[in-house]
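**Q** If it helps, the file is called final.cif and holds mmCIF, C-alpha atoms:
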data_work
#
loop_
_atom_site.group_PDB
_atom_site.id
_atom_site.type_symbol
_atom_site.label_atom_id
_atom_site.label_comp_id
_atom_site.auth_asym_id
_atom_site.auth_seq_id
_atom_site.Cartn_x
_atom_site.Cartn_y
_atom_site.Cartn_z
ATOM 1 C CA MET O 343 52.354 87.926 12.772
ATOM 2 C CA SER O 344 54.387 87.302 9.667
ATOM 3 C CA ALA O 345 56.244 90.008 7.800
ATOM 4 C CA SER O 346 53.891 89.910 4.816
ATOM 5 C CA SER O 347 50.780 90.273 6.957
ATOM 6 C CA ALA O 348 52.404 93.174 8.835
ATOM 7 C CA VAL O 349 53.198 94.872 5.522
ATOM 8 C CA ASN O 350 49.608 94.359 4.339
ATOM 9 C CA ALA O 351 48.274 95.790 7.594
ATOM 10 C CA MET O 352 50.513 98.849 7.249
ATOM 11 C CA LYS O 353 49.392 99.308 3.627
ATOM 12 C CA LYS O 354 45.768 99.355 4.813
ATOM 13 C CA VAL O 355 46.642 101.909 7.483
ATOM 14 C CA VAL O 356 48.432 104.107 4.939
ATOM 15 C CA GLN O 357 45.518 103.792 2.514
ATOM 16 C CA GLN O 358 43.065 104.827 5.263
ATOM 17 C CA LEU O 359 45.243 107.777 6.279
ATOM 18 C CA ARG O 360 45.507 108.948 2.664
ATOM 19 C CA PHE O 361 41.724 108.720 2.326
ATOM 20 C CA GLU O 362 41.180 110.732 5.511
ATOM 21 C CA ALA O 363 43.741 113.320 4.422
ATOM 22 C CA SER O 364 41.945 113.825 1.095
ATOM 23 C CA ILE O 365 38.614 114.751 2.718
ATOM 24 C CA ASN O 366 37.752 118.445 2.360
ATOM 25 C CA ARG O 367 37.144 120.006 5.734
ATOM 26 C CA VAL O 368 35.222 123.135 6.636
ATOM 27 C CA LYS O 369 36.758 125.594 9.059
ATOM 28 C CA VAL O 370 34.970 125.862 12.385
ATOM 29 C CA SER O 371 34.498 129.608 11.949
ATOM 30 C CA GLN O 372 32.820 129.064 8.571
ATOM 31 C CA ALA O 373 30.586 126.283 9.913
ATOM 32 C CA ALA O 374 29.601 128.456 12.897
ATOM 33 C CA ALA O 375 28.758 131.380 10.628
ATOM 34 C CA GLU O 376 26.631 129.154 8.384
ATOM 35 C CA LEU O 377 24.844 127.669 11.400
ATOM 36 C CA GLN O 378 24.143 131.124 12.807
ATOM 37 C CA GLN O 379 22.796 132.290 9.441
ATOM 38 C CA PHE O 380 20.554 129.209 9.213
ATOM 39 C CA CYS O 381 19.205 129.806 12.710
ATOM 40 C CA LEU O 382 18.457 133.449 11.961
ATOM 41 C CA GLN O 383 16.717 132.576 8.691
ATOM 42 C CA ASN O 384 14.511 129.918 10.316
ATOM 43 C CA ALA O 385 13.847 131.585 13.676
ATOM 44 C CA HIS O 386 10.281 132.504 12.725
ATOM 45 C CA HIS O 387 9.440 128.787 12.271
ATOM 46 C CA ASP O 388 10.836 127.750 15.668
ATOM 47 C CA PRO O 389 8.058 127.245 18.244
ATOM 48 C CA LEU O 390 10.564 127.590 21.093
ATOM 49 C CA LEU O 391 11.273 131.159 19.980
ATOM 50 C CA THR O 392 7.856 132.237 18.714
ATOM 51 C CA GLY O 393 5.628 130.276 21.080
ATOM 52 C CA VAL O 394 2.693 128.030 20.282
ATOM 53 C CA SER O 395 -0.846 129.291 20.119
ATOM 54 C CA SER O 396 -3.103 127.805 22.786
ATOM 55 C CA SER O 397 -5.523 126.452 20.186
ATOM 56 C CA THR O 398 -2.871 124.352 18.435
ATOM 57 C CA ASN O 399 -0.850 123.332 21.502
ATOM 58 C CA PRO O 400 -1.228 119.562 21.989
ATOM 59 C CA PHE O 401 0.272 119.802 25.498
ATOM 60 C CA ARG O 402 -2.160 122.328 26.962
ATOM 61 C CA PRO O 403 -3.971 121.261 30.124
ATOM 62 C CA GLN O 404 -7.230 119.491 29.419
ATOM 63 C CA LYS O 405 -10.410 121.265 30.439
ATOM 64 C CA VAL O 406 -12.306 119.750 33.329
ATOM 65 C CA CYS O 407 -15.848 118.668 32.696
ATOM 66 C CA SER O 408 -18.251 120.739 34.847
ATOM 67 C CA PHE O 409 -21.170 118.255 34.597
ATOM 68 C CA LEU O 410 -19.694 115.736 37.016
#
Show me this structure written as structure tokens.

**A**
Amino acid sequence: MSASSAVNAMKKVVQQLRFEASINRVKVSQAAAELQQFCLQNAHHDPLLTGVSSSTNPFRPQKVCSFL
């Protein structure tokens, strides 16, 4: 590897590091609080929490035909 190509590679690394350093990050505690708030606000739409009515459940057991 020549000196100029090594310098160019290091410039790319520095440019990438500067880009990554400029990204705004959210604190984990803030993200967790927002996620918890979202879950609480949308809990009434979640079928795992509220259940599914038997008439609209596509996975209910099929009824057996009594004529056979």

**Q** Any chance you could work out the axis-aligned box around region 375-383 of chain O, listed atoms only, 4 Å on each side, giving centre and edge lengths in Å to one decimal, as JSON?

**A**
{"center_x": 22.7, "center_y": 130.6, "center_z": 10.6, "size_x": 20.0, "size_y": 13.8, "size_z": 12.4}

**Q** Please compute the CA of Asp388 (chain O)-CA of Pro403 (chain O) distance, one decimal, in Å.

**A**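 Distance reported for this atom pair: 21.7 Å.
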
**Q** Could you check how far CA of Leu377 (chain O) sits from CA of Leu390 (chain O), in Å to one decimal?

**A**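 Between these atoms lies a distance of 17.3 Å.
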
**Q** For CA of Ala374 (chain O) and CA of Pro389 (chain O), quote the distance in Å rounded to one decimal.

**A**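 Interatomic distance, CA of Ala374 (chain O) to CA of Pro389 (chain O): 22.2 Å.
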
**Q** Restore N, CA and C atoms in region 374-396 of chain O and list the result as an mmCIF file, keeping the file's coordinate frame.

**A**
data_model
loop_
_atom_site.group_PDB
_atom_site.id
_atom_site.type_symbol
_atom_site.label_atom_id
_atom_site.label_comp_id
_atom_site.auth_asym_id
_atom_site.auth_seq_id
_atom_site.Cartn_x
_atom_site.Cartn_y
_atom_site.Cartn_z
ATOM 1 N N ALA O 374 30.354 127.713 11.890
ATOM 2 C CA ALA O 374 29.601 128.456 12.897
ATOM 3 C C ALA O 374 28.825 129.597 12.260
ATOM 4 N N ALA O 375 29.443 130.285 11.311
ATOM 5 C CA ALA O 375 28.758 131.380 10.628
ATOM 6 C C ALA O 375 27.566 130.862 9.824
ATOM 7 N N GLU O 376 27.731 129.730 9.155
ATOM 8 C CA GLU O 376 26.631 129.154 8.384
ATOM 9 C C GLU O 376 25.499 128.682 9.305
ATOM 10 N N LEU O 377 25.856 128.108 10.437
ATOM 11 C CA LEU O 377 24.844 127.669 11.400
ATOM 12 C C LEU O 377 24.082 128.856 11.974
ATOM 13 N N GLN O 378 24.792 129.927 12.284
ATOM 14 C CA GLN O 378 24.143 131.124 12.807
ATOM 15 C C GLN O 378 23.204 131.719 11.763
ATOM 16 N N GLN O 379 23.635 131.759 10.518
ATOM 17 C CA GLN O 379 22.796 132.290 9.441
ATOM 18 C C GLN O 379 21.546 131.433 9.269
ATOM 19 N N PHE O 380 21.699 130.117 9.329
ATOM 20 C CA PHE O 380 20.554 129.209 9.213
ATOM 21 C C PHE O 380 19.566 129.439 10.343
ATOM 22 N N CYS O 381 20.083 129.585 11.552
ATOM 23 C CA CYS O 381 19.205 129.806 12.710
ATOM 24 C C CYS O 381 18.445 131.117 12.583
ATOM 25 N N LEU O 382 19.116 132.157 12.123
ATOM 26 C CA LEU O 382 18.457 133.449 11.961
ATOM 27 C C LEU O 382 17.396 133.401 10.862
ATOM 28 N N GLN O 383 17.676 132.673 9.793
ATOM 29 C CA GLN O 383 16.717 132.576 8.691
ATOM 30 C C GLN O 383 15.473 131.772 9.090
ATOM 31 N N ASN O 384 15.626 130.797 9.972
ATOM 32 C CA ASN O 384 14.511 129.918 10.316
ATOM 33 C C ASN O 384 13.950 130.181 11.701
ATOM 34 N N ALA O 385 14.297 131.286 12.314
ATOM 35 C CA ALA O 385 13.847 131.585 13.676
ATOM 36 C C ALA O 385 12.331 131.751 13.734
ATOM 37 N N HIS O 386 11.727 132.280 12.684
ATOM 38 C CA HIS O 386 10.281 132.504 12.725
ATOM 39 C C HIS O 386 9.482 131.204 12.650
ATOM 40 N N HIS O 387 10.119 130.087 12.300
ATOM 41 C CA HIS O 387 9.440 128.787 12.271
ATOM 42 C C HIS O 387 9.641 128.006 13.562
ATOM 43 N N ASP O 388 10.478 128.492 14.459
ATOM 44 C CA ASP O 388 10.836 127.750 15.668
ATOM 45 C C ASP O 388 9.827 128.030 16.777
ATOM 46 N N PRO O 389 9.064 127.011 17.207
ATOM 47 C CA PRO O 389 8.058 127.245 18.244
ATOM 48 C C PRO O 389 8.670 127.574 19.601
ATOM 49 N N LEU O 390 9.929 127.227 19.830
ATOM 50 C CA LEU O 390 10.564 127.590 21.093
ATOM 51 C C LEU O 390 10.851 129.083 21.167
ATOM 52 N N LEU O 391 11.005 129.719 20.010
ATOM 53 C CA LEU O 391 11.273 131.159 19.980
ATOM 54 C C LEU O 391 9.992 131.972 19.813
ATOM 55 N N THR O 392 9.058 131.465 19.017
ATOM 56 C CA THR O 392 7.856 132.237 18.714
ATOM 57 C C THR O 392 6.677 131.876 19.608
ATOM 58 N N GLY O 393 6.746 130.718 20.255
ATOM 59 C CA GLY O 393 5.628 130.276 21.080
ATOM 60 C C GLY O 393 4.607 129.519 20.257
ATOM 61 N N VAL O 394 3.733 128.826 20.941
ATOM 62 C CA VAL O 394 2.693 128.030 20.282
ATOM 63 C C VAL O 394 1.358 128.596 20.717
ATOM 64 N N SER O 395 0.466 128.771 19.761
ATOM 65 C CA SER O 395 -0.846 129.291 20.119
ATOM 66 C C SER O 395 -1.582 128.258 20.972
ATOM 67 N N SER O 396 -2.413 128.723 21.867
ATOM 68 C CA SER O 396 -3.103 127.805 22.786
ATOM 69 C C SER O 396 -4.075 126.891 22.049
#
